[in-house]
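Pasted below: run37.cif, mmCIF, C-alpha atoms and all ligand atoms.
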```
data_upload
loop_
_atom_site.label_atom_id
_atom_site.label_comp_id
_atom_site.auth_asym_id
_atom_site.auth_seq_id
_atom_site.Cartn_x
_atom_site.Cartn_y
_atom_site.Cartn_z
CA MET A 1 -6.74 72.41 -105.69
CA VAL A 2 -9.13 74.37 -107.92
CA ALA A 3 -7.35 76.90 -110.15
CA ASP A 4 -7.93 80.48 -109.04
CA PHE A 5 -7.59 83.44 -111.41
CA THR A 6 -8.74 86.16 -109.01
CA ASN A 7 -7.07 89.46 -110.01
CA LYS A 8 -5.56 87.83 -113.10
CA VAL A 9 -6.20 89.45 -116.48
CA VAL A 10 -6.94 86.97 -119.25
CA LEU A 11 -7.33 87.80 -122.96
CA VAL A 12 -9.26 85.22 -125.02
CA THR A 13 -9.42 85.66 -128.79
CA GLY A 14 -12.25 84.19 -130.85
CA ALA A 15 -14.45 84.28 -127.76
CA SER A 16 -17.74 85.09 -129.47
CA SER A 17 -18.57 81.43 -130.12
CA GLY A 18 -17.59 77.80 -129.69
CA ILE A 19 -14.39 76.86 -127.91
CA GLY A 20 -13.40 80.47 -127.16
CA GLU A 21 -16.78 81.11 -125.57
CA ALA A 22 -16.33 78.05 -123.34
CA ILE A 23 -12.79 79.14 -122.42
CA ALA A 24 -13.98 82.64 -121.48
CA LEU A 25 -16.80 81.20 -119.36
CA ARG A 26 -14.48 78.86 -117.49
CA PHE A 27 -12.01 81.65 -116.72
CA ALA A 28 -14.96 83.79 -115.55
CA LYS A 29 -16.05 80.98 -113.18
CA LEU A 30 -12.48 80.95 -111.80
CA GLY A 31 -12.55 84.70 -111.06
CA ALA A 32 -10.52 86.13 -113.97
CA LYS A 33 -10.83 89.66 -115.32
CA LEU A 34 -11.49 89.06 -119.00
CA ALA A 35 -10.85 90.76 -122.32
CA ILE A 36 -12.71 88.92 -125.07
CA VAL A 37 -12.37 89.39 -128.83
CA GLY A 38 -14.49 88.51 -131.86
CA ARG A 39 -15.98 90.11 -134.96
CA ASN A 40 -19.66 89.58 -134.19
CA ALA A 41 -20.54 92.27 -131.62
CA GLU A 42 -23.90 90.74 -130.72
CA ASN A 43 -22.47 87.29 -130.01
CA LEU A 44 -19.60 88.83 -128.09
CA ALA A 45 -22.00 90.84 -125.92
CA ASN A 46 -23.97 87.68 -125.20
CA VAL A 47 -20.82 85.85 -124.06
CA ALA A 48 -19.82 88.87 -121.94
CA LYS A 49 -23.21 88.80 -120.23
CA GLN A 50 -22.82 85.10 -119.38
CA CYS A 51 -19.31 85.73 -118.01
CA GLU A 52 -20.49 88.66 -115.91
CA ALA A 53 -23.21 86.47 -114.41
CA GLU A 54 -20.52 84.17 -112.93
CA LYS A 55 -18.70 86.51 -110.50
CA GLY A 56 -20.07 89.96 -111.37
CA LEU A 57 -16.97 90.98 -113.35
CA LYS A 58 -17.77 92.72 -116.64
CA PRO A 59 -15.45 91.59 -119.45
CA LEU A 60 -13.88 94.07 -121.83
CA GLU A 61 -15.47 93.41 -125.23
CA ILE A 62 -13.20 94.05 -128.21
CA VAL A 63 -14.77 93.86 -131.65
CA ALA A 64 -11.86 93.35 -134.03
CA ASP A 65 -10.78 91.41 -137.10
CA LEU A 66 -7.66 89.56 -135.99
CA ALA A 67 -6.72 88.76 -139.58
CA THR A 68 -5.76 92.43 -139.94
CA ASP A 69 -2.86 94.32 -138.34
CA ALA A 70 -5.27 97.09 -137.32
CA GLY A 71 -7.53 94.60 -135.49
CA VAL A 72 -4.59 93.01 -133.71
CA GLU A 73 -3.14 96.38 -132.68
CA LYS A 74 -6.55 97.52 -131.39
CA THR A 75 -6.87 94.34 -129.31
CA ALA A 76 -3.45 94.69 -127.67
CA LYS A 77 -3.90 98.43 -127.04
CA GLU A 78 -7.41 98.25 -125.57
CA THR A 79 -6.54 95.34 -123.28
CA ILE A 80 -3.53 97.08 -121.73
CA GLN A 81 -5.24 100.49 -121.62
CA HIS A 82 -8.21 98.99 -119.79
CA PHE A 83 -6.48 96.63 -117.33
CA GLY A 84 -2.88 97.89 -117.23
CA ARG A 85 -1.55 94.33 -117.26
CA LEU A 86 -1.92 90.89 -118.82
CA ASP A 87 -1.46 87.51 -117.12
CA VAL A 88 -2.77 84.99 -119.65
CA LEU A 89 -3.07 85.21 -123.44
CA VAL A 90 -5.27 82.56 -125.07
CA ASN A 91 -4.77 82.60 -128.83
CA ASN A 92 -7.91 80.67 -129.74
CA VAL A 93 -8.99 82.46 -132.92
CA GLY A 94 -9.00 80.23 -135.98
CA MET A 95 -10.76 79.33 -139.21
CA GLY A 96 -10.47 76.69 -141.89
CA ALA A 97 -11.59 75.73 -145.37
CA ARG A 98 -12.30 72.44 -147.05
CA VAL A 99 -9.74 72.62 -149.83
CA THR A 100 -7.01 70.51 -151.37
CA ILE A 101 -4.06 71.50 -153.56
CA GLN A 102 -6.34 70.84 -156.55
CA THR A 103 -9.18 73.07 -155.38
CA THR A 104 -7.48 75.82 -153.37
CA ASP A 105 -6.83 79.45 -154.29
CA MET A 106 -4.49 82.05 -152.83
CA GLU A 107 -7.27 84.13 -151.26
CA THR A 108 -8.20 81.16 -149.06
CA TYR A 109 -4.54 80.52 -148.20
CA ASP A 110 -4.01 84.17 -147.17
CA ARG A 111 -7.22 84.37 -145.15
CA ILE A 112 -6.34 81.23 -143.20
CA PHE A 113 -2.72 82.14 -142.59
CA ASN A 114 -3.55 85.75 -141.67
CA THR A 115 -6.11 84.56 -139.11
CA ASN A 116 -4.46 81.44 -137.71
CA LEU A 117 -0.84 82.53 -137.79
CA ARG A 118 0.03 86.13 -138.70
CA GLY A 119 -2.52 87.57 -136.26
CA VAL A 120 -1.41 85.21 -133.47
CA TYR A 121 2.26 86.01 -134.12
CA ASN A 122 1.59 89.75 -134.12
CA LEU A 123 -0.67 89.79 -131.05
CA THR A 124 1.87 87.73 -129.10
CA ARG A 125 4.67 90.06 -130.22
CA LEU A 126 2.73 93.14 -129.10
CA LEU A 127 1.88 91.68 -125.67
CA VAL A 128 5.04 89.76 -124.83
CA GLN A 129 6.57 92.50 -122.66
CA ASP A 130 3.39 92.67 -120.56
CA LEU A 131 3.49 88.87 -120.11
CA ILE A 132 7.15 89.07 -119.08
CA LYS A 133 6.25 91.76 -116.51
CA SER A 134 3.52 89.58 -114.99
CA LYS A 135 5.43 86.28 -115.46
CA GLY A 136 2.29 85.20 -117.22
CA ASN A 137 1.63 82.51 -119.76
CA ILE A 138 0.23 81.77 -123.21
CA VAL A 139 -2.07 78.97 -124.36
CA ASN A 140 -2.40 78.53 -128.11
CA ILE A 141 -5.33 76.59 -129.55
CA SER A 142 -4.12 74.39 -132.36
CA SER A 143 -5.76 71.22 -133.73
CA ILE A 144 -5.06 67.55 -134.15
CA ALA A 145 -4.95 68.55 -137.84
CA GLY A 146 -1.42 69.72 -137.01
CA THR A 147 -0.24 66.24 -136.06
CA THR A 148 -2.43 63.90 -138.14
CA VAL A 149 -2.52 63.63 -141.93
CA HIS A 150 -5.92 63.88 -143.60
CA VAL A 151 -6.84 65.11 -147.04
CA GLY A 152 -9.21 68.08 -147.25
CA ALA A 153 -7.98 70.90 -145.03
CA LEU A 154 -4.58 71.70 -146.55
CA PRO A 155 -3.79 75.31 -145.57
CA TYR A 156 -5.60 74.93 -142.23
CA ALA A 157 -3.49 71.92 -141.22
CA MET A 158 -0.30 73.67 -142.42
CA SER A 159 -1.15 76.76 -140.35
CA LYS A 160 -1.63 74.61 -137.23
CA VAL A 161 1.71 72.82 -137.74
CA ALA A 162 3.37 76.23 -137.87
CA LEU A 163 1.45 77.35 -134.78
CA ASP A 164 2.64 74.23 -132.90
CA HIS A 165 6.27 75.01 -133.68
CA PHE A 166 5.78 78.72 -132.94
CA SER A 167 4.61 77.65 -129.46
CA ARG A 168 7.63 75.40 -128.87
CA LEU A 169 10.09 78.02 -130.12
CA ILE A 170 8.74 80.84 -127.97
CA ALA A 171 8.35 78.48 -124.98
CA LEU A 172 12.12 77.98 -125.07
CA GLU A 173 12.83 81.67 -125.73
CA LEU A 174 10.59 82.92 -122.92
CA ALA A 175 11.33 80.29 -120.26
CA PRO A 176 14.26 82.29 -118.80
CA LYS A 177 11.85 85.25 -118.44
CA GLY A 178 9.38 83.14 -116.44
CA VAL A 179 6.74 83.01 -119.19
CA ARG A 180 5.25 79.60 -120.05
CA VAL A 181 3.77 78.71 -123.45
CA ASN A 182 1.58 75.68 -124.09
CA THR A 183 -0.71 74.38 -126.81
CA VAL A 184 -4.04 72.58 -126.66
CA SER A 185 -5.02 70.62 -129.76
CA PRO A 186 -8.72 69.81 -129.89
CA GLY A 187 -10.21 66.98 -131.88
CA ALA A 188 -13.69 67.42 -133.36
CA THR A 189 -15.50 69.80 -131.02
CA VAL A 190 -19.08 71.04 -131.12
CA SER A 191 -18.96 74.68 -132.30
CA LYS A 192 -19.66 76.74 -135.40
CA PHE A 193 -16.36 75.65 -136.94
CA HIS A 194 -17.55 72.75 -139.10
CA VAL A 195 -20.88 74.46 -139.76
CA ARG A 196 -18.98 77.40 -141.25
CA LEU A 197 -16.66 75.06 -143.19
CA ALA A 198 -19.35 73.02 -144.87
CA ASN A 199 -22.28 75.42 -144.70
CA TYR A 200 -24.20 72.71 -142.82
CA THR A 201 -27.81 73.05 -141.77
CA GLU A 202 -28.34 72.14 -138.10
CA GLU A 203 -29.68 68.74 -139.17
CA GLN A 204 -26.70 68.02 -141.44
CA TYR A 205 -24.34 69.06 -138.64
CA GLN A 206 -26.02 66.75 -136.11
CA ASN A 207 -25.78 63.88 -138.62
CA TRP A 208 -22.09 64.63 -139.17
CA LEU A 209 -21.46 64.52 -135.42
CA LYS A 210 -23.41 61.26 -135.13
CA GLU A 211 -21.38 59.70 -137.94
CA LEU A 212 -18.13 60.76 -136.32
CA SER A 213 -18.70 59.59 -132.74
CA PRO A 214 -18.28 55.80 -133.28
CA HIS A 215 -14.81 56.45 -134.72
CA ILE A 216 -13.63 58.20 -131.56
CA PRO A 217 -11.98 55.76 -129.09
CA LEU A 218 -13.60 57.44 -126.05
CA GLY A 219 -16.95 57.46 -127.86
CA ARG A 220 -17.92 61.11 -128.22
CA VAL A 221 -16.86 64.37 -129.80
CA CYS A 222 -15.60 67.14 -127.52
CA VAL A 223 -17.64 70.04 -126.25
CA GLY A 224 -16.05 73.44 -125.66
CA ASP A 225 -15.74 72.88 -121.93
CA ASP A 226 -13.55 69.78 -122.49
CA ILE A 227 -11.04 72.07 -124.14
CA ALA A 228 -11.58 74.94 -121.69
CA LYS A 229 -10.75 72.73 -118.68
CA MET A 230 -7.37 71.85 -120.17
CA VAL A 231 -6.69 75.51 -121.02
CA THR A 232 -7.36 76.72 -117.47
CA HIS A 233 -5.32 73.83 -116.07
CA LEU A 234 -2.32 74.75 -118.24
CA ALA A 235 -2.73 78.47 -117.48
CA SER A 236 -2.91 77.88 -113.73
CA GLU A 237 -0.31 77.51 -110.99
CA ASP A 238 -1.03 73.76 -111.07
CA SER A 239 1.04 73.73 -114.29
CA ALA A 240 3.86 75.93 -112.93
CA LEU A 241 6.55 73.72 -114.44
CA VAL A 242 4.77 72.89 -117.70
CA THR A 243 5.92 74.65 -120.84
CA GLY A 244 6.33 73.76 -124.53
CA THR A 245 3.71 70.98 -124.36
CA ASN A 246 0.99 70.22 -126.89
CA VAL A 247 -1.94 68.48 -125.20
CA GLN A 248 -4.39 66.70 -127.46
CA VAL A 249 -7.96 66.77 -126.15
CA ASP A 250 -9.70 64.60 -128.69
CA GLY A 251 -11.04 61.39 -127.17
CA GLY A 252 -8.07 59.50 -128.62
CA VAL A 253 -8.92 60.24 -132.24
CA GLN A 254 -5.31 61.00 -133.19
CA PHE A 255 -4.70 57.25 -133.00
CA VAL A 256 -7.26 56.30 -135.65
CA ASN A 257 -7.89 57.16 -139.26
CA LEU A 258 -11.09 58.98 -140.05
CA SER A 259 -13.52 56.64 -141.74
CA ALA A 260 -13.55 56.43 -145.51
CA ALA A 261 -16.95 58.10 -145.53
CA LEU A 262 -15.69 61.11 -143.64
CA GLN A 263 -12.53 61.35 -145.71
CA LYS A 264 -14.73 61.39 -148.80
CA GLN A 265 -16.91 64.10 -147.27
CA MET A 266 -13.85 66.23 -146.42
CA LYS A 267 -12.61 66.01 -150.01
CA SER A 268 -15.89 67.01 -151.59
N1 LIG A 301 -14.38 72.81 -133.55
C1 LIG A 301 -13.46 71.93 -133.85
O1 LIG A 301 -13.77 70.77 -134.22
C2 LIG A 301 -11.99 72.28 -133.72
C3 LIG A 301 -11.06 71.24 -133.79
C4 LIG A 301 -9.71 71.54 -133.67
C5 LIG A 301 -9.30 72.85 -133.47
N2 LIG A 301 -10.23 73.85 -133.41
C6 LIG A 301 -9.72 75.21 -133.19
O2 LIG A 301 -10.41 75.83 -132.13
C7 LIG A 301 -10.39 77.25 -132.29
C8 LIG A 301 -11.81 77.79 -132.08
O3 LIG A 301 -12.67 77.28 -133.08
P1 LIG A 301 -14.19 76.90 -132.81
O4 LIG A 301 -14.35 75.48 -133.05
O5 LIG A 301 -14.65 77.48 -131.53
O6 LIG A 301 -14.86 77.67 -134.06
P2 LIG A 301 -15.99 78.81 -134.14
O7 LIG A 301 -17.19 78.42 -133.36
O8 LIG A 301 -16.12 79.08 -135.60
O9 LIG A 301 -15.31 80.04 -133.42
C9 LIG A 301 -14.27 80.78 -134.01
C10 LIG A 301 -14.10 82.05 -133.23
O10 LIG A 301 -13.04 82.80 -133.83
C11 LIG A 301 -13.54 84.09 -134.17
N3 LIG A 301 -12.89 84.56 -135.39
C12 LIG A 301 -12.74 83.89 -136.56
N4 LIG A 301 -12.06 84.66 -137.43
C13 LIG A 301 -11.81 85.83 -136.79
C14 LIG A 301 -11.14 87.02 -137.14
N5 LIG A 301 -10.61 87.19 -138.35
N6 LIG A 301 -11.05 88.01 -136.24
C15 LIG A 301 -11.59 87.88 -135.00
N7 LIG A 301 -12.23 86.77 -134.60
C16 LIG A 301 -12.34 85.77 -135.49
C17 LIG A 301 -15.02 83.92 -134.35
O11 LIG A 301 -15.60 85.20 -134.14
P3 LIG A 301 -16.84 85.80 -134.97
O12 LIG A 301 -17.85 84.68 -135.11
O13 LIG A 301 -17.32 86.88 -134.05
O14 LIG A 301 -16.29 86.27 -136.23
C18 LIG A 301 -15.34 82.95 -133.23
O15 LIG A 301 -15.42 83.61 -132.00
C19 LIG A 301 -9.82 77.50 -133.68
O16 LIG A 301 -8.47 77.89 -133.57
C20 LIG A 301 -9.93 76.16 -134.38
O17 LIG A 301 -8.93 75.97 -135.35
C21 LIG A 301 -11.56 73.59 -133.53
#
```
Go ahead and express the file in the form of structure tokens.
Amino acid sequence: MVADFTNKVVLVTGASSGIGEAIALRFAKLGAKLAIVGRNAENLANVAKQCEAEKGLKPLEIVADLATDAGVEKTAKETIQHFGRLDVLVNNVGMGARVTIQTTDMETYDRIFNTNLRGVYNLTRLLVQDLIKSKGNIVNISSIAGTTVHVGALPYAMSKVALDHFSRLIALELAPKGVRVNTVSPGATVSKFHVRLANYTEEQYQNWLKELSPHIPLGRVCVGDDIAKMVTHLASEDSALVTGTNVQVDGGVQFVNLSAALQKQMKS
């Protein structure tokens, strides 16, 4: 059975690029009414246009900074004002930094935790009653950084561990209300994420991806749609009895150590 989201309202955060863009597009293909959030209005409009081209449904575009309470409140308010309901919340927004305990500062820590955790916590809190009403579900986008141990992304990995446990805790709390909560943890995925982290040129980024691929048991890095397919599967009726899970979509990379070369690169 192909998942069907006709008449379902889906909110995807961090939908103006990368994994969130792919998630929004896949929900659009499956008939969802979408609210999409990002900071870059131009990129967001471009994603909205692609989504609209799928089934003719125009997404609600919300330009907001989800690291701020005001941005989170705006997102929750505009979604419910526009659609009057919410069926699926995809907390995809996230950012990282290449820092260790020896190189970090508190501004970086706060920025990462405000974006990856505080904003997610607050948005979920503000929308939980709407999800209970619709007996909807939540999919949080974490990372294999939350379950593997590598040097070089300290506050990012810590924020994802906390997100993983947040998901499990609210999955148990909300199960009696008919609301499911699941997590998808991507491995290395083609997006702007690592480009932003390392300030890569396109050529440097392509080299980085090339260097990484042989270390992945299934032989390639993920693309956004690999993650999006798991998200729509978990959000659909096909997963009606699935809650509290954390599905790693990573080509098996959680089983291997990153090569010494990559570890070195992460530390620098
Ligand atoms: N790519 C990977 O290898 C990888 C691996 C594991 C997990 N992940 C996770 O996947 C998720 C998506 O990342 P990605 O790879 O798609 O990265 P990306 O291409 O950098 O996309 C990040 C998205 O989040 C938005 N965003 C960032 N900070 C924001 C803020 N303060 N307020 C509102 N929107 C904000 C960005 O919007 P603007 O550009 O409009 O600001 C963009 O739409 C993240 O949670 C990340 O931790 C990625």
Counting all atoms listed in the file, figure out which residue out of A:Arg39, A:Lys74, A:Arg85, A:Arg196 gets nearest to Asn122 in chain A.
-> A:Lys74
Proximity to ligand LIG 301 (chain A) - best of A:Val221, A:Ala22, A:Ala67, A:Ala240, only C-alpha atoms and all ligand atoms |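 Smallest separation from ligand LIG 301 (chain A) among the options: A:Ala67.
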Rounded to one decimal place, report the CA of Thr104 in chain A-atom O16 of ligand LIG 301 (chain A) distance in Å.
-> 19.9 Å
Protein and nucleic acid residues within 8 Å of ligand LIG 301 (chain A) (all atoms listed in the file) as a ChimeraX atom specification = /A:13-21,37-41,43-44,63-68,71,91-96,114-116,141-145,156,160,185-196,222,224
Looking at all atoms listed in the file, which of A:Asn182, A:Asn246, A:Thr100, A:Ser167 is the one that sits closest to Tyr121 in chain A?
->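 Residue with the minimum atom-to-atom distance to Tyr121 in chain A: A:Ser167.
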For Ile216 in chain A, work out the shell of residues within 9 Å, counting all atoms listed in the file and skipping chain neighbours fewer than 3 positions away, then give it as an mmCIF file with C-alpha atoms, in the coordinates of the input.
```cif
data_model
loop_
_atom_site.group_PDB
_atom_site.id
_atom_site.type_symbol
_atom_site.label_atom_id
_atom_site.label_comp_id
_atom_site.auth_asym_id
_atom_site.auth_seq_id
_atom_site.Cartn_x
_atom_site.Cartn_y
_atom_site.Cartn_z
ATOM 1 C CA LEU A 212 -18.130 60.760 -136.320
ATOM 2 C CA SER A 213 -18.700 59.590 -132.740
ATOM 3 C CA GLY A 219 -16.950 57.460 -127.860
ATOM 4 C CA ARG A 220 -17.920 61.110 -128.220
ATOM 5 C CA VAL A 221 -16.860 64.370 -129.800
ATOM 6 C CA ASP A 250 -9.700 64.600 -128.690
ATOM 7 C CA GLY A 251 -11.040 61.390 -127.170
ATOM 8 C CA GLY A 252 -8.070 59.500 -128.620
ATOM 9 C CA VAL A 253 -8.920 60.240 -132.240
ATOM 10 C CA GLN A 254 -5.310 61.000 -133.190
ATOM 11 C CA VAL A 256 -7.260 56.300 -135.650
ATOM 12 C CA LEU A 258 -11.090 58.980 -140.050
#
```
When you draw a straight line from CA of Pro217 in chain A to CA of Val151 in chain A, how long is it in Å?
-> 20.9 Å
Please write a file for range 80-91 of chain A, taken from the block I just shared, that holds all heavy atoms and is laid out as a tab-separated table (two decimals), in the first residue's frame.
```tsv
chain	number	residue	atom	x	y	z
A	80	ILE	N	-1.81	26.69	12.59
A	80	ILE	CA	-3.16	26.37	13.07
A	80	ILE	C	-4.17	27.39	12.53
A	80	ILE	O	-5.29	27.03	12.14
A	80	ILE	CB	-3.19	26.26	14.62
A	80	ILE	CG1	-2.25	25.14	15.08
A	80	ILE	CG2	-4.61	26.01	15.12
A	80	ILE	CD1	-2.48	23.75	14.44
A	81	GLN	N	-3.75	28.67	12.47
A	81	GLN	CA	-4.67	29.68	11.90
A	81	GLN	C	-5.02	29.34	10.46
A	81	GLN	O	-6.16	29.47	10.03
A	81	GLN	CB	-4.00	31.05	11.94
A	81	GLN	CG	-4.47	31.88	13.11
A	81	GLN	CD	-3.72	33.22	13.21
A	81	GLN	OE1	-2.91	33.56	12.35
A	81	GLN	NE2	-3.99	33.95	14.27
A	82	HIS	N	-4.05	28.89	9.70
A	82	HIS	CA	-4.24	28.65	8.28
A	82	HIS	C	-5.04	27.37	8.01
A	82	HIS	O	-5.95	27.35	7.20
A	82	HIS	CB	-2.88	28.57	7.58
A	82	HIS	CG	-2.96	28.51	6.09
A	82	HIS	ND1	-3.10	29.63	5.30
A	82	HIS	CD2	-2.93	27.47	5.22
A	82	HIS	CE1	-3.14	29.29	4.03
A	82	HIS	NE2	-3.04	27.98	3.95
A	83	PHE	N	-4.67	26.28	8.70
A	83	PHE	CA	-5.27	24.98	8.39
A	83	PHE	C	-6.33	24.51	9.41
A	83	PHE	O	-7.12	23.62	9.12
A	83	PHE	CB	-4.20	23.89	8.29
A	83	PHE	CG	-3.26	24.03	7.12
A	83	PHE	CD1	-1.94	24.39	7.30
A	83	PHE	CD2	-3.73	23.80	5.83
A	83	PHE	CE1	-1.08	24.51	6.22
A	83	PHE	CE2	-2.86	23.91	4.74
A	83	PHE	CZ	-1.54	24.28	4.93
A	84	GLY	N	-6.26	25.07	10.63
A	84	GLY	CA	-7.23	24.68	11.66
A	84	GLY	C	-6.97	23.31	12.27
A	84	GLY	O	-7.75	22.84	13.10
A	85	ARG	N	-5.90	22.65	11.87
A	85	ARG	CA	-5.58	21.34	12.43
A	85	ARG	C	-4.12	20.98	12.11
A	85	ARG	O	-3.48	21.63	11.27
A	85	ARG	CB	-6.49	20.25	11.89
A	85	ARG	CG	-6.38	20.04	10.38
A	85	ARG	CD	-7.29	18.93	9.89
A	85	ARG	NE	-6.80	17.61	10.25
A	85	ARG	CZ	-7.59	16.62	10.68
A	85	ARG	NH1	-8.88	16.81	10.83
A	85	ARG	NH2	-7.08	15.44	10.98
A	86	LEU	N	-3.63	19.94	12.76
A	86	LEU	CA	-2.30	19.42	12.42
A	86	LEU	C	-2.32	17.90	12.60
A	86	LEU	O	-2.76	17.40	13.63
A	86	LEU	CB	-1.21	20.03	13.32
A	86	LEU	CG	0.21	19.56	13.00
A	86	LEU	CD1	0.67	20.05	11.62
A	86	LEU	CD2	1.21	20.04	14.06
A	87	ASP	N	-1.82	17.20	11.59
A	87	ASP	CA	-1.78	15.73	11.66
A	87	ASP	C	-0.38	15.18	11.87
A	87	ASP	O	-0.21	14.17	12.54
A	87	ASP	CB	-2.38	15.13	10.37
A	87	ASP	CG	-3.83	15.51	10.21
A	87	ASP	OD1	-4.68	14.86	10.84
A	87	ASP	OD2	-4.14	16.51	9.51
A	88	VAL	N	0.62	15.85	11.25
A	88	VAL	CA	2.00	15.34	11.37
A	88	VAL	C	2.94	16.53	11.59
A	88	VAL	O	2.89	17.52	10.86
A	88	VAL	CB	2.45	14.59	10.10
A	88	VAL	CG1	3.89	14.07	10.26
A	88	VAL	CG2	1.50	13.44	9.77
A	89	LEU	N	3.77	16.41	12.63
A	89	LEU	CA	4.82	17.41	12.88
A	89	LEU	C	6.17	16.76	12.62
A	89	LEU	O	6.51	15.75	13.26
A	89	LEU	CB	4.74	17.88	14.35
A	89	LEU	CG	5.92	18.71	14.87
A	89	LEU	CD1	6.08	20.01	14.09
A	89	LEU	CD2	5.74	19.01	16.36
A	90	VAL	N	6.91	17.31	11.65
A	90	VAL	CA	8.27	16.81	11.39
A	90	VAL	C	9.26	17.85	11.89
A	90	VAL	O	9.43	18.92	11.29
A	90	VAL	CB	8.50	16.52	9.89
A	90	VAL	CG1	9.90	15.93	9.69
A	90	VAL	CG2	7.45	15.57	9.34
A	91	ASN	N	9.89	17.54	13.01
A	91	ASN	CA	10.92	18.43	13.58
A	91	ASN	C	12.24	18.08	12.91
A	91	ASN	O	13.00	17.23	13.40
A	91	ASN	CB	11.01	18.23	15.09
A	91	ASN	CG	9.87	18.88	15.85
A	91	ASN	OD1	9.56	20.05	15.64
A	91	ASN	ND2	9.23	18.12	16.72
```
